[in-house]
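Student: Dropping in query.cif, which is mmCIF, C-alpha atoms:
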```cif
data_work
loop_
_atom_site.label_atom_id
_atom_site.label_comp_id
_atom_site.auth_asym_id
_atom_site.auth_seq_id
_atom_site.Cartn_x
_atom_site.Cartn_y
_atom_site.Cartn_z
CA GLY A 4 24.81 93.31 0.69
CA GLN A 5 21.26 92.74 1.85
CA ALA A 6 20.20 91.07 -1.42
CA SER A 7 22.95 88.45 -1.19
CA ARG A 8 21.80 87.05 2.17
CA PRO A 9 19.16 84.27 2.31
CA THR A 10 15.64 85.66 2.07
CA PRO A 11 12.96 83.65 3.91
CA GLY A 12 10.29 84.71 1.43
CA ILE A 13 11.99 83.26 -1.65
CA SER A 14 10.66 80.10 -3.27
CA TYR A 15 13.03 78.45 -5.72
CA SER A 16 13.61 75.11 -7.39
CA SER A 17 16.38 72.97 -8.77
CA ALA A 18 16.06 70.20 -11.36
CA LYS A 19 18.67 67.48 -11.77
CA ALA A 20 18.76 64.07 -13.36
CA PHE A 21 18.92 62.13 -10.09
CA GLY A 22 18.20 64.71 -7.39
CA ASN A 23 20.38 65.72 -4.46
CA SER A 24 20.68 62.37 -2.70
CA GLY A 25 21.43 58.75 -3.46
CA PRO A 26 24.41 57.05 -5.14
CA TYR A 27 23.69 58.64 -8.56
CA ARG A 28 23.31 62.23 -7.35
CA ASP A 29 26.53 63.42 -9.06
CA ARG A 30 26.10 61.33 -12.20
CA PRO A 31 25.34 63.22 -15.44
CA ALA A 32 22.37 62.13 -17.56
CA HIS A 33 20.07 63.28 -20.31
CA ASP A 34 16.53 62.18 -21.04
CA LEU A 35 17.35 58.93 -22.87
CA ALA A 36 19.38 57.57 -19.95
CA ILE A 37 16.54 58.32 -17.55
CA GLU A 38 13.96 56.70 -19.83
CA ALA A 39 16.20 53.64 -20.11
CA LEU A 40 16.95 53.42 -16.38
CA THR A 41 13.29 53.66 -15.33
CA GLY A 42 12.25 50.84 -17.68
CA VAL A 43 10.17 53.12 -19.88
CA VAL A 44 12.24 52.37 -22.99
CA SER A 45 11.86 48.64 -22.37
CA MET A 46 8.08 49.02 -22.64
CA THR A 47 8.25 50.53 -26.14
CA LEU A 48 9.16 47.66 -28.44
CA GLY A 49 9.23 47.78 -32.23
CA ASP A 50 8.01 44.97 -34.46
CA ASP A 51 11.53 43.57 -34.30
CA GLY A 52 11.20 43.14 -30.55
CA ARG A 53 13.93 45.66 -29.75
CA PRO A 54 13.36 48.76 -27.60
CA ALA A 55 12.72 51.87 -29.68
CA LEU A 56 14.21 55.31 -29.15
CA PRO A 57 11.59 57.63 -27.61
CA GLY A 58 10.24 60.31 -29.91
CA ILE A 59 9.96 63.03 -27.26
CA PRO A 60 11.97 63.62 -24.05
CA MET A 61 9.34 62.57 -21.51
CA ALA A 62 11.70 62.70 -18.52
CA ASP A 63 12.55 66.31 -19.33
CA ILE A 64 8.90 67.20 -19.83
CA ALA A 65 7.71 65.42 -16.69
CA ALA A 66 10.40 67.12 -14.60
CA GLY A 67 9.52 70.52 -16.04
CA LEU A 68 5.81 70.09 -15.30
CA ASN A 69 6.50 68.85 -11.77
CA GLY A 70 8.84 71.78 -11.23
CA LEU A 71 6.19 74.23 -12.35
CA ALA A 72 3.55 72.60 -10.16
CA GLY A 73 5.87 72.55 -7.16
CA ILE A 74 6.83 76.21 -7.48
CA LEU A 75 3.20 77.27 -7.90
CA MET A 76 2.25 75.33 -4.77
CA ALA A 77 5.15 76.89 -2.89
CA LEU A 78 4.07 80.38 -3.97
CA MET A 79 0.51 79.71 -2.90
CA ARG A 80 1.76 78.56 0.49
CA ARG A 81 3.93 81.65 0.76
CA GLN A 82 0.83 83.80 0.35
CA GLN A 83 -0.60 82.10 3.43
CA THR A 84 2.50 81.97 5.62
CA GLY A 85 4.99 84.48 4.21
CA ARG A 86 7.59 81.71 4.08
CA GLY A 87 9.30 80.53 0.93
CA ASP A 88 10.50 77.02 0.18
CA TYR A 89 12.98 75.01 -1.82
CA VAL A 90 11.50 72.56 -4.36
CA GLU A 91 13.77 69.69 -5.39
CA ILE A 92 12.94 68.02 -8.72
CA ALA A 93 14.62 64.95 -10.20
CA MET A 94 14.02 63.67 -13.72
CA LEU A 95 14.22 60.11 -12.39
CA ASP A 96 11.54 60.73 -9.75
CA SER A 97 9.29 62.53 -12.21
CA LEU A 98 9.37 59.88 -14.92
CA LEU A 99 8.94 56.94 -12.55
CA ALA A 100 5.93 58.72 -11.04
CA ALA A 101 4.41 58.85 -14.55
CA THR A 102 4.31 55.05 -14.98
CA PRO A 103 1.26 53.85 -13.00
CA ASN A 104 -0.52 52.64 -16.14
CA ILE A 105 2.27 50.13 -16.87
CA MET A 106 3.49 49.46 -13.32
CA GLY A 107 0.65 47.19 -12.19
CA PRO A 108 2.37 43.79 -12.66
CA VAL A 109 5.48 45.06 -10.88
CA LEU A 110 3.64 46.37 -7.84
CA ALA A 111 1.01 43.65 -7.59
CA GLU A 112 2.98 40.59 -8.69
CA ASN A 113 6.65 41.58 -8.44
CA ARG A 114 7.31 40.73 -12.10
CA ALA A 115 8.46 42.61 -15.18
CA PRO A 116 5.54 42.84 -17.61
CA ASP A 117 5.77 41.55 -21.18
CA PRO A 118 5.12 44.71 -23.24
CA LYS A 119 3.63 42.72 -26.10
CA ALA A 120 0.96 41.32 -23.77
CA GLN A 121 -0.05 44.54 -22.00
CA ARG A 122 -3.10 46.68 -22.66
CA THR A 123 -1.35 49.79 -24.02
CA THR A 124 1.97 48.45 -25.30
CA GLY A 125 1.05 45.76 -27.81
CA GLY A 126 -1.26 43.18 -26.26
CA ALA A 127 -4.56 44.57 -27.51
CA ALA A 128 -5.98 44.55 -31.04
CA PHE A 129 -7.65 47.90 -30.45
CA TYR A 130 -4.56 49.70 -29.16
CA ARG A 131 -1.96 49.25 -31.85
CA LEU A 132 -0.77 50.40 -35.27
CA TYR A 133 -1.88 48.93 -38.60
CA ASP A 134 -0.34 49.19 -42.07
CA THR A 135 -2.42 50.33 -45.03
CA ARG A 136 -2.16 49.45 -48.71
CA ASP A 137 -0.24 52.62 -49.57
CA GLY A 138 2.54 52.06 -47.05
CA ARG A 139 1.08 54.30 -44.35
CA GLN A 140 -0.09 53.48 -40.84
CA LEU A 141 -3.06 54.24 -38.65
CA ALA A 142 -3.73 53.82 -34.95
CA LEU A 143 -6.68 52.10 -33.38
CA ALA A 144 -6.72 53.57 -29.89
CA GLY A 145 -9.91 52.74 -28.02
CA GLN A 146 -10.55 49.41 -26.29
CA GLU A 147 -13.90 50.07 -24.69
CA PRO A 148 -16.46 47.36 -25.60
CA LYS A 149 -18.62 49.78 -27.59
CA PHE A 150 -15.69 50.59 -29.91
CA VAL A 151 -14.73 46.94 -30.28
CA GLU A 152 -18.31 45.97 -31.10
CA ARG A 153 -18.76 48.73 -33.69
CA VAL A 154 -15.59 47.91 -35.60
CA LEU A 155 -15.85 44.13 -35.56
CA THR A 156 -19.56 44.16 -36.37
CA ALA A 157 -18.93 46.44 -39.35
CA LEU A 158 -16.07 44.15 -40.33
CA GLY A 159 -18.44 41.18 -40.30
CA ARG A 160 -16.51 39.48 -37.49
CA PRO A 161 -18.67 39.72 -34.36
CA ASP A 162 -17.23 36.33 -33.37
CA LEU A 163 -14.01 38.14 -32.40
CA ILE A 164 -15.63 40.60 -30.00
CA GLU A 165 -15.30 38.42 -26.92
CA LEU A 166 -11.58 37.94 -27.53
CA CYS A 167 -11.06 41.69 -27.42
CA THR A 168 -13.24 42.38 -24.39
CA SER A 169 -11.68 39.75 -22.13
CA GLY A 170 -8.40 41.54 -21.47
CA PRO A 171 -5.12 41.91 -23.37
CA GLY A 172 -2.85 39.08 -24.39
CA PRO A 173 -1.95 36.60 -27.14
CA HIS A 174 -5.55 35.36 -27.35
CA GLN A 175 -6.38 38.56 -29.28
CA LEU A 176 -4.15 37.51 -32.21
CA PRO A 177 -7.08 36.39 -34.46
CA ALA A 178 -8.59 39.87 -34.14
CA VAL A 179 -5.23 41.49 -34.84
CA GLU A 180 -4.80 39.40 -37.98
CA ALA A 181 -8.32 40.19 -39.21
CA LEU A 182 -7.76 43.92 -38.75
CA GLN A 183 -4.32 43.72 -40.36
CA ALA A 184 -5.78 42.06 -43.47
CA PHE A 185 -8.63 44.57 -43.68
CA PHE A 186 -6.51 47.72 -43.45
CA LYS A 187 -3.76 46.28 -45.66
CA SER A 188 -6.34 45.99 -48.45
CA ARG A 189 -7.26 49.68 -48.27
CA SER A 190 -5.46 52.99 -48.55
CA LEU A 191 -4.95 55.17 -45.50
CA GLN A 192 -7.67 57.60 -46.55
CA GLU A 193 -10.14 54.80 -47.31
CA SER A 194 -9.43 53.31 -43.89
CA LEU A 195 -9.85 56.64 -42.12
CA ASP A 196 -13.14 57.32 -43.91
CA TRP A 197 -14.43 53.89 -42.87
CA LEU A 198 -13.43 54.41 -39.23
CA ALA A 199 -14.91 57.91 -39.19
CA SER A 200 -18.31 56.44 -40.04
CA LEU A 201 -18.19 54.23 -36.94
CA ASP A 202 -17.54 56.87 -34.25
CA VAL A 203 -14.53 55.12 -32.71
CA CYS A 204 -11.04 56.10 -31.50
CA TYR A 205 -8.54 56.23 -34.37
CA ALA A 206 -5.95 58.47 -36.01
CA PRO A 207 -3.53 58.48 -38.92
CA VAL A 208 0.14 58.15 -38.05
CA ASN A 209 1.11 61.64 -39.15
CA THR A 210 4.51 63.10 -39.73
CA LEU A 211 5.21 66.16 -37.59
CA LEU A 212 4.63 68.33 -40.67
CA GLU A 213 1.28 66.69 -41.33
CA ALA A 214 0.31 67.19 -37.70
CA THR A 215 0.76 70.97 -38.01
CA VAL A 216 -1.85 71.16 -40.78
CA GLU A 217 -4.44 68.85 -39.20
CA ALA A 218 -7.84 70.56 -39.23
CA GLN A 219 -8.14 70.54 -35.43
CA VAL A 220 -4.63 71.94 -34.98
CA VAL A 221 -5.34 74.73 -37.46
CA ALA A 222 -8.75 75.52 -35.93
CA ARG A 223 -7.23 75.89 -32.46
CA GLU A 224 -4.30 77.96 -33.80
CA LEU A 225 -1.72 75.73 -32.15
CA LEU A 226 1.01 76.87 -34.52
CA ARG A 227 1.46 80.62 -34.61
CA ASP A 228 3.72 83.30 -36.08
CA GLU A 229 5.29 86.11 -34.06
CA GLU A 230 6.11 89.60 -35.28
CA ARG A 231 9.47 88.62 -36.78
CA GLY A 232 7.95 85.74 -38.72
CA ARG A 233 9.22 82.96 -36.49
CA LYS A 234 6.78 80.12 -35.90
CA PHE A 235 6.12 78.81 -32.41
CA LEU A 236 3.84 76.36 -30.63
CA ALA A 237 0.96 77.99 -28.81
CA PRO A 238 0.61 77.59 -25.04
CA ALA A 239 -1.46 74.54 -24.12
CA ILE A 240 -3.11 76.24 -21.12
CA ARG A 241 -5.92 78.62 -22.06
CA PHE A 242 -7.22 81.30 -19.74
CA ALA A 243 -10.61 82.76 -20.65
CA ALA A 244 -10.10 86.02 -18.76
CA GLU A 245 -6.44 86.56 -19.59
CA PRO A 246 -5.42 84.85 -22.85
CA ALA A 247 -1.72 84.16 -23.17
CA ARG A 248 0.40 86.67 -25.08
CA PRO A 249 3.68 84.82 -25.68
CA SER A 250 6.87 86.72 -26.34
CA LEU A 251 9.83 85.01 -27.98
CA ARG A 252 12.36 87.55 -26.72
CA GLU A 253 14.98 85.70 -24.72
CA PRO A 254 15.54 87.24 -21.26
CA LEU A 255 19.10 88.12 -20.36
CA LEU A 256 20.91 86.20 -17.63
CA GLY A 257 19.87 87.71 -14.31
CA GLU A 258 17.75 90.36 -16.04
CA HIS A 259 15.01 90.30 -13.40
CA THR A 260 17.05 89.38 -10.32
CA SER A 261 17.27 92.88 -8.82
CA GLU A 262 13.58 93.53 -9.47
CA ILE A 263 12.51 90.30 -7.75
CA LEU A 264 14.77 90.80 -4.76
CA ALA A 265 13.61 94.40 -4.38
CA ASP A 266 9.97 93.29 -4.34
CA LEU A 267 10.74 90.70 -1.67
CA ALA A 268 12.59 93.26 0.43
CA ASP A 269 9.51 95.49 0.40
#
```
Transcribe the structure of this file into structure tokens.

Tutor:
Amino acid sequence: GQASRPTPGISYSSAKAFGNSGPYRDRPAHDLAIEALTGVVSMTLGDDGRPALPGIPMADIAAGLNGLAGILMALMRRQQTGRGDYVEIAMLDSLLAATPNIMGPVLAENRAPDPKAQRTTGGAAFYRLYDTRDGRQLALAGQEPKFVERVLTALGRPDLIELCTSGPGPHQLPAVEALQAFFKSRSLQESLDWLASLDVCYAPVNTLLEATVEAQVVARELLRDEERGRKFLAPAIRFAAEPARPSLREPLLGEHTSEILADLAD
């Protein structure tokens, strides 16, 4: 019938692990394989020096966001031209495109970076995790000079400031050791209270459960209940004029196909 023939006004997308071309196009893969293949896993090393399993499926998420962006762009173009388009998304493409912050040494110097010497993966005293006296951890997560100066001055170690403002690398080890000793002598809450007084970038290493009851999460109502009592995560995009009204009802397979095709035919 009419609806089964190609319709020039349709915009649609496909998402695969490796896309529709190349030697891996028919190879199955989930997120972990993509994160490993792109080198992302190699940049997340534990204290034992071994790559760590990723906590969230970034390849899946990146592909989903790129797919959404691509379809929205295609729909906007269709409004101008009346023509639809096909948007091809690959998890591999999407994740590799998300690596510019760690790709510098590869592109500029044709070398694999040492994660433990890089700015955001272990080579900076002010971008790493520290243990506290009660067996918890906190994150220092701001390397701007003003943050470095505030913390190290309050710590009574202004002599270490220059080490931390001259780039990442092993030379920052004295600052790392000083911060390790300081936080190890205090509980997590004592450490957080001290950092809060300095107006710097920091956070506790929360469990997922603790994260859901953080004051900021609660204030922004990021965890909600629907009418049947099921909890869900609130949409991250907020429209002032038309606030989101999520529904957790699962659509049936093909439920809206006829409606969409009928609108296009008109």

Student: Considering only C-alpha atoms, return as number ranges by chain whatever protein or nucleic-acid residues lie within 10 Å of stretch 108-116 of chain A, sequence-local ones (same chain, fewer than 3 positions apart) excluded.

Tutor: A: 42, 45-46, 103-105, 119-121

Student: Taking the file as shown, what set of residues would the PyMOL selection byres ((chain A and resi 201) around 12) give back, as JSON, numbers by chain?

Tutor: {"A": [149, 150, 151, 152, 153, 154, 155, 156, 157, 158, 194, 195, 196, 197, 198, 199, 200, 202, 203, 204, 205]}

Student: Write the residues of the preceding selection, restricted to C-alpha atoms, as a PDB file, in the frame of the given file.

Tutor:
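That gives us part_10.pdb:
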```pdb
ATOM      1  CA  LYS A 149     -18.620  49.780 -27.590  1.00  0.00           C
ATOM      2  CA  PHE A 150     -15.690  50.590 -29.910  1.00  0.00           C
ATOM      3  CA  VAL A 151     -14.730  46.940 -30.280  1.00  0.00           C
ATOM      4  CA  GLU A 152     -18.310  45.970 -31.100  1.00  0.00           C
ATOM      5  CA  ARG A 153     -18.760  48.730 -33.690  1.00  0.00           C
ATOM      6  CA  VAL A 154     -15.590  47.910 -35.600  1.00  0.00           C
ATOM      7  CA  LEU A 155     -15.850  44.130 -35.560  1.00  0.00           C
ATOM      8  CA  THR A 156     -19.560  44.160 -36.370  1.00  0.00           C
ATOM      9  CA  ALA A 157     -18.930  46.440 -39.350  1.00  0.00           C
ATOM     10  CA  LEU A 158     -16.070  44.150 -40.330  1.00  0.00           C
ATOM     11  CA  SER A 194      -9.430  53.310 -43.890  1.00  0.00           C
ATOM     12  CA  LEU A 195      -9.850  56.640 -42.120  1.00  0.00           C
ATOM     13  CA  ASP A 196     -13.140  57.320 -43.910  1.00  0.00           C
ATOM     14  CA  TRP A 197     -14.430  53.890 -42.870  1.00  0.00           C
ATOM     15  CA  LEU A 198     -13.430  54.410 -39.230  1.00  0.00           C
ATOM     16  CA  ALA A 199     -14.910  57.910 -39.190  1.00  0.00           C
ATOM     17  CA  SER A 200     -18.310  56.440 -40.040  1.00  0.00           C
ATOM     18  CA  ASP A 202     -17.540  56.870 -34.250  1.00  0.00           C
ATOM     19  CA  VAL A 203     -14.530  55.120 -32.710  1.00  0.00           C
ATOM     20  CA  CYS A 204     -11.040  56.100 -31.500  1.00  0.00           C
ATOM     21  CA  TYR A 205      -8.540  56.230 -34.370  1.00  0.00           C
TER      22      TYR A 205
END
```

Student: For the file shown, what are the residues hit by the PyMOL selection byres ((chain A and resi 184) around 12), laid out as an NGL selection string?

Tutor: :A and (133-136 or 158 or 177-183 or 185-189 or 194)

Student: In Å, how far is it from atom CA of A:Ala237 to atom CA of A:Leu225?

Tutor: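 Atom CA of A:Leu225 lies at a distance of 4.8 Å from atom CA of A:Ala237.
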
Student: How many Å lie between atom CA of A:Ala265 and atom CA of A:Glu245, rounded to one decimal?

Tutor: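 Atom CA of A:Ala265 sits 26.4 Å away from atom CA of A:Glu245.
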
Student: Please determine, counting only C-alpha atoms, which residue among A:His33, A:His174, A:Arg86, A:Arg252 has the shortest atom-to-atom distance to A:Pro11.

Tutor: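 Using only C-alpha atoms, A:Pro11 sits closest to A:Arg86.
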
Student: In terms of the shortest atom-to-atom distance over all atoms listed in the file, which of A:Asp137, A:Glu38, A:Asp51, A:Glu147 is closest to A:Asp96?

Tutor: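 Under the stated criterion, the closest residue is A:Glu38.
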
Student: Can you tell me how far atom CA of A:Asn69 sits from atom CA of A:Ala101, in Å to one decimal?

Tutor: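 Value for the atom CA of A:Asn69-atom CA of A:Ala101 distance: 10.6 Å.
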
Student: Please enumerate the residues selected by the PyMOL selection byres ((chain A and resi 15-21) around 6) when evaluated against the supplied file, formatted as a short mmCIF file (atom, residue, chain, number, x, y, z; two decimals) with C-alpha atoms, in the frame of the given file.

Tutor:
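Result written to selection13.cif:
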```
data_model
loop_
_atom_site.label_atom_id
_atom_site.label_comp_id
_atom_site.auth_asym_id
_atom_site.auth_seq_id
_atom_site.Cartn_x
_atom_site.Cartn_y
_atom_site.Cartn_z
CA SER A 14 10.66 80.10 -3.27
CA GLY A 22 18.20 64.71 -7.39
CA ARG A 28 23.31 62.23 -7.35
CA ALA A 32 22.37 62.13 -17.56
CA TYR A 89 12.98 75.01 -1.82
CA VAL A 90 11.50 72.56 -4.36
CA GLU A 91 13.77 69.69 -5.39
CA ILE A 92 12.94 68.02 -8.72
CA ALA A 93 14.62 64.95 -10.20
CA MET A 94 14.02 63.67 -13.72
CA LEU A 95 14.22 60.11 -12.39
#
```

Student: Edge lengths and centre, in Å to one decimal, as AutoDock Vina command-line options: that's what I need for the box along x, y and z that holds all listed atoms of stretch 229-235 of chain A plus 4 Å on each side.

Tutor:
```
--center_x 7.4 --center_y 84.2 --center_z -35.6 --size_x 12.2 --size_y 18.8 --size_z 14.3
```
